[in-house]
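Undergrad: Provided below: my_file-v5.pdb, containing PDB, C-alpha atoms and all ligand atoms.
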ATOM      1  CA  MET B1036      74.963 137.465  87.574  1.00  0.00           C
ATOM      2  CA  SER B1037      71.349 138.405  87.899  1.00  0.00           C
ATOM      3  CA  LEU B1038      68.380 136.137  88.360  1.00  0.00           C
ATOM      4  CA  SER B1039      70.005 133.431  90.456  1.00  0.00           C
ATOM      5  CA  LYS B1040      67.706 130.892  91.980  1.00  0.00           C
ATOM      6  CA  GLY B1041      68.665 129.316  95.236  1.00  0.00           C
ATOM      7  CA  LYS B1042      67.807 127.192  98.153  1.00  0.00           C
ATOM      8  CA  ILE B1043      68.797 128.620 101.507  1.00  0.00           C
ATOM      9  CA  LEU B1044      70.669 126.595 104.104  1.00  0.00           C
ATOM     10  CA  PRO B1045      68.518 123.850 105.594  1.00  0.00           C
ATOM     11  CA  LEU B1046      67.335 124.398 109.177  1.00  0.00           C
ATOM     12  CA  SER B1047      69.498 121.512 110.317  1.00  0.00           C
ATOM     13  CA  SER B1048      72.596 123.350 109.083  1.00  0.00           C
ATOM     14  CA  ASN B1049      75.538 122.535 111.325  1.00  0.00           C
ATOM     15  CA  GLY B1050      78.390 123.908 109.273  1.00  0.00           C
ATOM     16  CA  SER B1051      79.489 120.500 107.974  1.00  0.00           C
ATOM     17  CA  GLU B1052      80.720 119.899 104.449  1.00  0.00           C
ATOM     18  CA  ASP B1053      77.223 118.776 103.484  1.00  0.00           C
ATOM     19  CA  ASP B1054      76.097 122.356 103.932  1.00  0.00           C
ATOM     20  CA  ALA B1055      78.584 123.785 101.436  1.00  0.00           C
ATOM     21  CA  LEU B1056      76.828 125.630  98.625  1.00  0.00           C
ATOM     22  CA  MET B1057      76.749 123.842  95.285  1.00  0.00           C
ATOM     23  CA  LYS B1058      77.094 126.268  92.395  1.00  0.00           C
ATOM     24  CA  ILE B1059      75.187 125.309  89.277  1.00  0.00           C
ATOM     25  CA  PHE B1060      75.178 127.177  85.967  1.00  0.00           C
ATOM     26  CA  VAL B1061      72.367 126.301  83.576  1.00  0.00           C
ATOM     27  CA  GLY B1062      72.544 127.158  79.877  1.00  0.00           C
ATOM     28  CA  TYR B1063      69.692 129.482  78.966  1.00  0.00           C
ATOM     29  CA  ASP B1064      68.124 129.636  75.517  1.00  0.00           C
ATOM     30  CA  SER B1065      65.282 132.075  74.856  1.00  0.00           C
ATOM     31  CA  ARG B1066      63.539 129.481  72.645  1.00  0.00           C
ATOM     32  CA  GLU B1067      63.473 127.072  75.612  1.00  0.00           C
ATOM     33  CA  ASP B1068      62.568 129.245  78.594  1.00  0.00           C
ATOM     34  CA  ILE B1069      60.167 126.649  79.987  1.00  0.00           C
ATOM     35  CA  ALA B1070      62.807 123.914  79.707  1.00  0.00           C
ATOM     36  CA  PHE B1071      65.163 126.076  81.783  1.00  0.00           C
ATOM     37  CA  GLU B1072      62.510 126.677  84.451  1.00  0.00           C
ATOM     38  CA  VAL B1073      61.556 123.010  84.685  1.00  0.00           C
ATOM     39  CA  CYS B1074      65.197 121.904  84.830  1.00  0.00           C
ATOM     40  CA  CYS B1075      65.858 124.298  87.752  1.00  0.00           C
ATOM     41  CA  HIS B1076      62.682 123.155  89.483  1.00  0.00           C
ATOM     42  CA  SER B1077      63.711 119.511  89.177  1.00  0.00           C
ATOM     43  CA  ILE B1078      67.111 120.219  90.764  1.00  0.00           C
ATOM     44  CA  LEU B1079      65.890 122.428  93.610  1.00  0.00           C
ATOM     45  CA  LYS B1080      62.963 120.193  94.532  1.00  0.00           C
ATOM     46  CA  ARG B1081      65.150 117.126  95.080  1.00  0.00           C
ATOM     47  CA  SER B1082      68.259 118.704  96.517  1.00  0.00           C
ATOM     48  CA  SER B1083      69.187 117.952 100.128  1.00  0.00           C
ATOM     49  CA  ILE B1084      72.077 120.428  99.972  1.00  0.00           C
ATOM     50  CA  PRO B1085      72.047 124.200  99.458  1.00  0.00           C
ATOM     51  CA  VAL B1086      72.220 125.027  95.772  1.00  0.00           C
ATOM     52  CA  GLU B1087      72.700 128.248  93.831  1.00  0.00           C
ATOM     53  CA  ILE B1088      71.554 128.192  90.221  1.00  0.00           C
ATOM     54  CA  THR B1089      72.686 130.868  87.781  1.00  0.00           C
ATOM     55  CA  PRO B1090      71.427 131.032  84.192  1.00  0.00           C
ATOM     56  CA  ILE B1091      74.067 131.462  81.507  1.00  0.00           C
ATOM     57  CA  LYS B1092      72.377 134.079  79.325  1.00  0.00           C
ATOM     58  CA  GLN B1093      74.170 135.191  76.202  1.00  0.00           C
ATOM     59  CA  THR B1094      72.489 138.611  75.959  1.00  0.00           C
ATOM     60  CA  TYR B1095      73.470 139.389  79.537  1.00  0.00           C
ATOM     61  CA  LEU B1096      77.072 138.245  79.002  1.00  0.00           C
ATOM     62  CA  ARG B1097      77.283 140.427  75.873  1.00  0.00           C
ATOM     63  CA  ASN B1098      75.932 143.403  77.793  1.00  0.00           C
ATOM     64  CA  ILE B1099      78.562 143.142  80.503  1.00  0.00           C
ATOM     65  CA  GLY B1100      81.380 142.619  77.988  1.00  0.00           C
ATOM     66  CA  LEU B1101      82.255 139.002  78.777  1.00  0.00           C
ATOM     67  CA  TYR B1102      81.075 137.649  75.447  1.00  0.00           C
ATOM     68  CA  TRP B1103      81.612 139.195  72.040  1.00  0.00           C
ATOM     69  CA  ARG B1104      81.983 136.190  69.752  1.00  0.00           C
ATOM     70  CA  GLU B1105      80.291 136.455  66.359  1.00  0.00           C
ATOM     71  CA  LYS B1106      77.290 134.162  65.985  1.00  0.00           C
ATOM     72  CA  SER B1107      77.813 131.141  63.730  1.00  0.00           C
ATOM     73  CA  GLN B1108      75.510 128.675  62.010  1.00  0.00           C
ATOM     74  CA  LEU B1109      77.071 125.809  63.940  1.00  0.00           C
ATOM     75  CA  GLU B1110      75.721 126.966  67.277  1.00  0.00           C
ATOM     76  CA  SER B1111      72.595 124.962  68.062  1.00  0.00           C
ATOM     77  CA  THR B1112      71.913 126.844  71.302  1.00  0.00           C
ATOM     78  CA  GLU B1113      72.617 130.309  72.730  1.00  0.00           C
ATOM     79  CA  PHE B1114      74.987 128.710  75.248  1.00  0.00           C
ATOM     80  CA  SER B1115      77.087 126.670  72.790  1.00  0.00           C
ATOM     81  CA  PHE B1116      80.231 128.614  73.751  1.00  0.00           C
ATOM     82  CA  THR B1117      79.238 130.653  76.807  1.00  0.00           C
ATOM     83  CA  ARG B1118      79.084 127.441  78.888  1.00  0.00           C
ATOM     84  CA  PHE B1119      82.883 127.450  78.990  1.00  0.00           C
ATOM     85  CA  LEU B1120      82.795 130.638  81.081  1.00  0.00           C
ATOM     86  CA  THR B1121      81.666 128.499  84.040  1.00  0.00           C
ATOM     87  CA  PRO B1122      85.054 128.473  85.892  1.00  0.00           C
ATOM     88  CA  TYR B1123      85.423 132.232  85.295  1.00  0.00           C
ATOM     89  CA  LEU B1124      81.904 132.916  86.578  1.00  0.00           C
ATOM     90  CA  ALA B1125      82.704 130.836  89.666  1.00  0.00           C
ATOM     91  CA  ASN B1126      85.800 133.010  90.277  1.00  0.00           C
ATOM     92  CA  TYR B1127      88.042 129.983  89.604  1.00  0.00           C
ATOM     93  CA  GLN B1128      87.134 128.669  93.043  1.00  0.00           C
ATOM     94  CA  GLY B1129      85.758 125.333  94.204  1.00  0.00           C
ATOM     95  CA  TRP B1130      83.641 123.067  92.045  1.00  0.00           C
ATOM     96  CA  ALA B1131      80.781 124.240  89.859  1.00  0.00           C
ATOM     97  CA  MET B1132      78.481 122.376  87.528  1.00  0.00           C
ATOM     98  CA  PHE B1133      77.399 123.421  84.075  1.00  0.00           C
ATOM     99  CA  VAL B1134      74.329 121.777  82.597  1.00  0.00           C
ATOM    100  CA  ASP B1135      72.194 122.331  79.467  1.00  0.00           C
ATOM    101  CA  CYS B1136      68.613 123.466  80.081  1.00  0.00           C
ATOM    102  CA  ASP B1137      67.191 120.356  78.404  1.00  0.00           C
ATOM    103  CA  PHE B1138      67.789 118.149  81.454  1.00  0.00           C
ATOM    104  CA  LEU B1139      65.262 116.788  83.935  1.00  0.00           C
ATOM    105  CA  TYR B1140      66.703 115.731  87.286  1.00  0.00           C
ATOM    106  CA  LEU B1141      65.175 112.733  89.017  1.00  0.00           C
ATOM    107  CA  ALA B1142      67.715 112.389  91.840  1.00  0.00           C
ATOM    108  CA  ASP B1143      69.297 114.443  94.605  1.00  0.00           C
ATOM    109  CA  ILE B1144      72.181 116.555  93.264  1.00  0.00           C
ATOM    110  CA  LYS B1145      74.085 115.641  96.447  1.00  0.00           C
ATOM    111  CA  GLU B1146      74.580 112.141  95.017  1.00  0.00           C
ATOM    112  CA  LEU B1147      76.359 113.697  92.051  1.00  0.00           C
ATOM    113  CA  ARG B1148      78.426 116.023  94.221  1.00  0.00           C
ATOM    114  CA  ASP B1149      79.536 113.033  96.287  1.00  0.00           C
ATOM    115  CA  LEU B1150      81.258 111.641  93.157  1.00  0.00           C
ATOM    116  CA  ILE B1151      83.582 114.642  92.924  1.00  0.00           C
ATOM    117  CA  ASP B1152      87.285 113.814  93.029  1.00  0.00           C
ATOM    118  CA  ASP B1153      89.723 116.715  93.387  1.00  0.00           C
ATOM    119  CA  LYS B1154      92.371 114.975  91.301  1.00  0.00           C
ATOM    120  CA  TYR B1155      90.439 115.821  88.126  1.00  0.00           C
ATOM    121  CA  ALA B1156      90.166 119.173  86.332  1.00  0.00           C
ATOM    122  CA  ILE B1157      86.685 118.314  85.102  1.00  0.00           C
ATOM    123  CA  MET B1158      84.314 115.355  85.382  1.00  0.00           C
ATOM    124  CA  CYS B1159      81.582 114.371  82.953  1.00  0.00           C
ATOM    125  CA  VAL B1160      79.714 111.474  81.365  1.00  0.00           C
ATOM    126  CA  GLN B1161      82.000 110.124  78.652  1.00  0.00           C
ATOM    127  CA  HIS B1162      79.481 109.144  75.975  1.00  0.00           C
ATOM    128  CA  ASP B1163      80.624 107.231  72.957  1.00  0.00           C
ATOM    129  CA  TYR B1164      77.979 107.784  70.323  1.00  0.00           C
ATOM    130  CA  THR B1165      76.982 109.236  66.976  1.00  0.00           C
ATOM    131  CA  PRO B1166      73.487 110.718  66.770  1.00  0.00           C
ATOM    132  CA  LYS B1167      71.072 109.344  64.137  1.00  0.00           C
ATOM    133  CA  GLU B1168      69.291 112.650  63.560  1.00  0.00           C
ATOM    134  CA  THR B1169      70.922 115.263  61.402  1.00  0.00           C
ATOM    135  CA  THR B1170      68.752 118.061  62.760  1.00  0.00           C
ATOM    136  CA  LYS B1171      67.841 118.840  66.336  1.00  0.00           C
ATOM    137  CA  MET B1172      65.332 120.915  68.231  1.00  0.00           C
ATOM    138  CA  ASP B1173      63.679 123.422  65.906  1.00  0.00           C
ATOM    139  CA  GLY B1174      65.640 122.386  62.835  1.00  0.00           C
ATOM    140  CA  ALA B1175      69.097 123.624  63.843  1.00  0.00           C
ATOM    141  CA  VAL B1176      71.887 121.613  62.253  1.00  0.00           C
ATOM    142  CA  GLN B1177      73.226 118.734  64.325  1.00  0.00           C
ATOM    143  CA  THR B1178      77.009 118.511  64.095  1.00  0.00           C
ATOM    144  CA  VAL B1179      78.895 115.288  64.717  1.00  0.00           C
ATOM    145  CA  TYR B1180      82.237 115.340  66.479  1.00  0.00           C
ATOM    146  CA  PRO B1181      84.292 113.282  68.948  1.00  0.00           C
ATOM    147  CA  ARG B1182      83.233 113.625  72.594  1.00  0.00           C
ATOM    148  CA  LYS B1183      79.775 114.653  71.422  1.00  0.00           C
ATOM    149  CA  ASN B1184      77.596 115.569  74.410  1.00  0.00           C
ATOM    150  CA  TRP B1185      80.417 115.468  76.933  1.00  0.00           C
ATOM    151  CA  SER B1186      80.236 119.238  77.431  1.00  0.00           C
ATOM    152  CA  SER B1187      76.470 119.219  78.100  1.00  0.00           C
ATOM    153  CA  MET B1188      76.977 118.426  81.784  1.00  0.00           C
ATOM    154  CA  VAL B1189      80.365 119.111  83.301  1.00  0.00           C
ATOM    155  CA  LEU B1190      81.608 119.354  86.858  1.00  0.00           C
ATOM    156  CA  TYR B1191      84.411 121.930  86.759  1.00  0.00           C
ATOM    157  CA  ASN B1192      87.186 121.967  89.339  1.00  0.00           C
ATOM    158  CA  CYS B1193      87.322 125.732  88.908  1.00  0.00           C
ATOM    159  CA  GLY B1194      90.463 126.195  90.995  1.00  0.00           C
ATOM    160  CA  HIS B1195      92.443 123.578  89.036  1.00  0.00           C
ATOM    161  CA  PRO B1196      95.447 125.333  87.442  1.00  0.00           C
ATOM    162  CA  LYS B1197      94.669 123.857  83.998  1.00  0.00           C
ATOM    163  CA  ASN B1198      91.257 125.533  83.944  1.00  0.00           C
ATOM    164  CA  SER B1199      92.792 129.000  84.242  1.00  0.00           C
ATOM    165  CA  VAL B1200      93.058 128.725  80.430  1.00  0.00           C
ATOM    166  CA  LEU B1201      89.308 129.298  80.245  1.00  0.00           C
ATOM    167  CA  THR B1202      89.406 133.088  80.282  1.00  0.00           C
ATOM    168  CA  PRO B1203      86.753 135.147  78.474  1.00  0.00           C
ATOM    169  CA  ASP B1204      89.377 135.701  75.760  1.00  0.00           C
ATOM    170  CA  THR B1205      89.811 131.936  75.181  1.00  0.00           C
ATOM    171  CA  VAL B1206      86.070 131.306  75.216  1.00  0.00           C
ATOM    172  CA  ASN B1207      85.535 134.045  72.631  1.00  0.00           C
ATOM    173  CA  LYS B1208      88.371 133.055  70.307  1.00  0.00           C
ATOM    174  CA  GLU B1209      89.026 129.309  70.471  1.00  0.00           C
ATOM    175  CA  SER B1210      87.422 126.820  68.064  1.00  0.00           C
ATOM    176  CA  GLY B1211      84.399 124.712  68.901  1.00  0.00           C
ATOM    177  CA  ALA B1212      86.610 121.631  68.666  1.00  0.00           C
ATOM    178  CA  PHE B1213      89.120 122.989  71.197  1.00  0.00           C
ATOM    179  CA  LEU B1214      86.403 123.827  73.684  1.00  0.00           C
ATOM    180  CA  HIS B1215      83.914 120.979  73.257  1.00  0.00           C
ATOM    181  CA  ARG B1216      86.658 118.334  73.150  1.00  0.00           C
ATOM    182  CA  PHE B1217      88.402 119.791  76.218  1.00  0.00           C
ATOM    183  CA  GLN B1218      91.679 120.132  74.323  1.00  0.00           C
ATOM    184  CA  TRP B1219      93.184 122.221  77.124  1.00  0.00           C
ATOM    185  CA  LEU B1220      93.275 119.012  79.193  1.00  0.00           C
ATOM    186  CA  GLU B1221      95.068 115.649  79.101  1.00  0.00           C
ATOM    187  CA  ASP B1222      92.757 112.620  79.041  1.00  0.00           C
ATOM    188  CA  HIS B1223      93.728 111.605  82.590  1.00  0.00           C
ATOM    189  CA  GLU B1224      92.565 114.984  83.871  1.00  0.00           C
ATOM    190  CA  ILE B1225      88.989 114.209  82.816  1.00  0.00           C
ATOM    191  CA  GLY B1226      87.054 112.164  85.364  1.00  0.00           C
ATOM    192  CA  SER B1227      84.185 109.870  84.460  1.00  0.00           C
ATOM    193  CA  ILE B1228      80.616 110.081  85.790  1.00  0.00           C
ATOM    194  CA  PRO B1229      78.085 107.213  85.347  1.00  0.00           C
ATOM    195  CA  PHE B1230      75.939 107.749  82.239  1.00  0.00           C
ATOM    196  CA  VAL B1231      72.707 107.876  84.260  1.00  0.00           C
ATOM    197  CA  TRP B1232      73.623 111.498  85.136  1.00  0.00           C
ATOM    198  CA  ASN B1233      73.422 112.459  81.444  1.00  0.00           C
ATOM    199  CA  PHE B1234      70.963 109.873  80.203  1.00  0.00           C
ATOM    200  CA  LEU B1235      70.458 110.612  76.509  1.00  0.00           C
ATOM    201  CA  GLU B1236      66.797 110.296  75.557  1.00  0.00           C
ATOM    202  CA  GLY B1237      66.520 108.181  72.410  1.00  0.00           C
ATOM    203  CA  HIS B1238      69.971 106.686  72.868  1.00  0.00           C
ATOM    204  CA  ASN B1239      70.563 105.315  76.356  1.00  0.00           C
ATOM    205  CA  LYS B1240      68.244 102.538  77.482  1.00  0.00           C
ATOM    206  CA  VAL B1241      66.869 101.396  80.826  1.00  0.00           C
ATOM    207  CA  VAL B1242      67.578  97.720  81.489  1.00  0.00           C
ATOM    208  CA  GLU B1243      64.862  96.107  83.557  1.00  0.00           C
ATOM    209  CA  ASN B1244      65.964  95.112  87.054  1.00  0.00           C
ATOM    210  CA  ASP B1245      69.289  96.917  86.641  1.00  0.00           C
ATOM    211  CA  PRO B1246      69.135 100.041  88.821  1.00  0.00           C
ATOM    212  CA  ALA B1247      72.551 101.110  87.463  1.00  0.00           C
ATOM    213  CA  THR B1248      70.699 101.996  84.237  1.00  0.00           C
ATOM    214  CA  PHE B1249      67.849 104.003  85.815  1.00  0.00           C
ATOM    215  CA  PRO B1250      68.223 107.675  84.817  1.00  0.00           C
ATOM    216  CA  LYS B1251      69.139 110.226  87.486  1.00  0.00           C
ATOM    217  CA  ALA B1252      69.077 113.056  84.958  1.00  0.00           C
ATOM    218  CA  ILE B1253      67.361 112.738  81.583  1.00  0.00           C
ATOM    219  CA  HIS B1254      68.883 114.758  78.752  1.00  0.00           C
ATOM    220  CA  TYR B1255      66.350 115.518  76.007  1.00  0.00           C
ATOM    221  CA  THR B1256      69.175 116.112  73.588  1.00  0.00           C
ATOM    222  CA  ARG B1257      67.101 115.665  70.414  1.00  0.00           C
ATOM    223  CA  GLY B1258      64.507 118.126  71.686  1.00  0.00           C
ATOM    224  CA  GLY B1259      62.039 117.701  74.542  1.00  0.00           C
ATOM    225  CA  PRO B1260      58.249 117.799  75.039  1.00  0.00           C
ATOM    226  CA  TRP B1261      58.343 121.622  75.052  1.00  0.00           C
ATOM    227  CA  PHE B1262      58.681 121.335  71.256  1.00  0.00           C
ATOM    228  CA  ASP B1263      55.667 120.035  69.283  1.00  0.00           C
ATOM    229  CA  ALA B1264      57.817 117.600  67.325  1.00  0.00           C
ATOM    230  CA  TRP B1265      58.992 115.877  70.523  1.00  0.00           C
ATOM    231  CA  LYS B1266      55.710 115.805  72.482  1.00  0.00           C
ATOM    232  CA  ASN B1267      55.738 112.006  72.489  1.00  0.00           C
ATOM    233  CA  CYS B1268      59.420 111.345  73.058  1.00  0.00           C
ATOM    234  CA  GLU B1269      60.547 108.871  75.667  1.00  0.00           C
ATOM    235  CA  PHE B1270      60.105 110.139  79.254  1.00  0.00           C
ATOM    236  CA  ALA B1271      57.840 112.954  77.963  1.00  0.00           C
ATOM    237  CA  ASP B1272      55.346 112.228  80.768  1.00  0.00           C
ATOM    238  CA  LEU B1273      57.976 112.804  83.455  1.00  0.00           C
ATOM    239  CA  TRP B1274      58.899 116.209  82.040  1.00  0.00           C
ATOM    240  CA  LEU B1275      55.240 117.233  81.522  1.00  0.00           C
ATOM    241  CA  ASN B1276      54.380 116.270  85.123  1.00  0.00           C
ATOM    242  CA  GLU B1277      57.291 118.342  86.389  1.00  0.00           C
ATOM    243  CA  MET B1278      56.132 121.296  84.279  1.00  0.00           C
ATOM    244  CA  GLU B1279      52.572 121.033  85.684  1.00  0.00           C
ATOM    245  CA  GLU B1280      53.963 121.052  89.186  1.00  0.00           C
ATOM    246  CA  TYR B1281      56.219 124.020  88.426  1.00  0.00           C
ATOM    247  CA  LEU B1282      53.317 126.002  86.933  1.00  0.00           C
ATOM    248  CA  LYS B1283      51.056 125.231  89.911  1.00  0.00           C
ATOM    249  CA  GLU B1284      53.689 126.398  92.365  1.00  0.00           C
ATOM    250  CA  THR B1285      54.353 129.581  90.406  1.00  0.00           C
ATOM    251  CA  LYS B1286      50.630 130.389  90.362  1.00  0.00           C
ATOM    252  CA  LYS B1287      50.443 129.872  94.106  1.00  0.00           C
ATOM    253  CA  GLU B1288      53.412 132.180  94.631  1.00  0.00           C
ATOM    254  CA  ILE B1289      51.807 134.904  92.519  1.00  0.00           C
ATOM    255  CA  ALA B1290      48.483 134.535  94.409  1.00  0.00           C
ATOM    256  CA  ASN B1291      50.188 134.952  97.775  1.00  0.00           C
TER     257      ASN B1291
HETATM  258 MN    MN Z1301      71.181 119.462  75.425  1.00  0.00          MN
END
The structure given in the file should be rewritten as structure tokens.
Ligand SMILES: [Mn+2]
TA:
Amino acid sequence: MSLSKGKILPLSSNGSEDDALMKIFVGYDSREDIAFEVCCHSILKRSSIPVEITPIKQTYLRNIGLYWREKSQLESTEFSFTRFLTPYLANYQGWAMFVDCDFLYLADIKELRDLIDDKYAIMCVQHDYTPKETTKMDGAVQTVYPRKNWSSMVLYNCGHPKNSVLTPDTVNKESGAFLHRFQWLEDHEIGSIPFVWNFLEGHNKVVENDPATFPKAIHYTRGGPWFDAWKNCEFADLWLNEMEEYLKETKKEIAN
């Protein structure tokens, strides 16, 4: 796909497993371009391993014939369904991460990669929650369903035989329930990641003096500071600081 962002191999590269490229696909929504940019910035800035980030853009996927699904009212973002093309886009090889654009990373992505266990088909944070809001972001309808938010950050074992189900055909035709609840998998094929890697703003809480509750990736699932309505949400300052830094660096790049 076009427009990949990446970090080239570190100078200390010695061909070890630590130097293997981590493929990351980030959901792109044209109403949240800045959120996408800041999310990518937060990953790349902290990563000690080489990373390749590819946006999942619906218009692009439609243009190249991988996505033809009719739009529905239930889709709250442009990547509601296209996210499930991740294993296909990674050529069904190795591990790849999908993440929504409304995340802010505070930790090295290597720490997350180190949790990968090949016995699973996918790994994710297994939230158990029902949102209080009935609308999200810019007024789109918030739907409630089991495994809500599990699909917002998923490590896919792309070469796992079970994931070969996720062809473009399946992604275009299957129901939201089938896809978002991972119904092509048995429960034991879904690995668990600590919640701090998909820390839901407004839901998960930091417990003082308990580092196991300190967020490593904040998910502004209700809407983040890039929307007027959420300017004062929890952790807004962290996102705004990251945005300032991103904008400064972009300006510098343009000036050079
Ligand atoms: Mn989200």
Undergrad: Please identify all protein, DNA and RNA residues within 6 Å of ligand MN 1301 (chain Z), counting only C-alpha atoms and all ligand atoms, and report them as a ChimeraX atom specification.
TA: /B:1135,1137,1187,1256
Undergrad: Please write as an MDAnalysis selection string the full residue list that the PyMOL selection byres (((chain B and resi 1160-1163) around 12) and not hetatm) yields on this file.
TA: chainID B and resid 1134 1147 1150 1157:1159 1164:1166 1179:1190 1216:1217 1222 1225:1235 1238:1239 1252 1254
Undergrad: If you measure from CA of Phe1262 in chain B to CA of Leu1079 in chain B, what distance in Å do you get, rounded to one decimal?
TA: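 Separation between CA of Phe1262 in chain B and CA of Leu1079 in chain B: 23.5 Å.
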Undergrad: Distance CA of Cys1268 in chain B-CA of Thr1112 in chain B, one decimal place?
TA: 20.0 Å
Undergrad: Apply the PyMOL selection byres (((chain B and resi 1073) around 12) and not hetatm) to the displayed file and report the matching residues as a PyMOL selection string.
TA: chain B and resi 1061+1063+1067-1072+1074-1080+1135-1141+1259-1261+1273-1285
Undergrad: So the first atom is CA of Thr1202 in chain B and the second is CA of Tyr1102 in chain B; what is the distance between them in Å, to one decimal place?
TA: 10.7 Å
Undergrad: Show me, as a PyMOL selection string, the residues that have an atom within 12 Å of Trp1130 in chain B when counting all atoms listed in the file, minus same-chain residues fewer than 6 positions from it.
TA: chain B and resi 1055-1060+1121-1124+1147-1158+1189-1195+1198
Undergrad: Using only C-alpha atoms, find the one residue out of B:Asn1291, B:Ile1091, B:Leu1214, B:Lys1208 that sits nearest to Lys1106 in chain B.
TA: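 Result for the nearest residue to Lys1106 in chain B: B:Lys1208.
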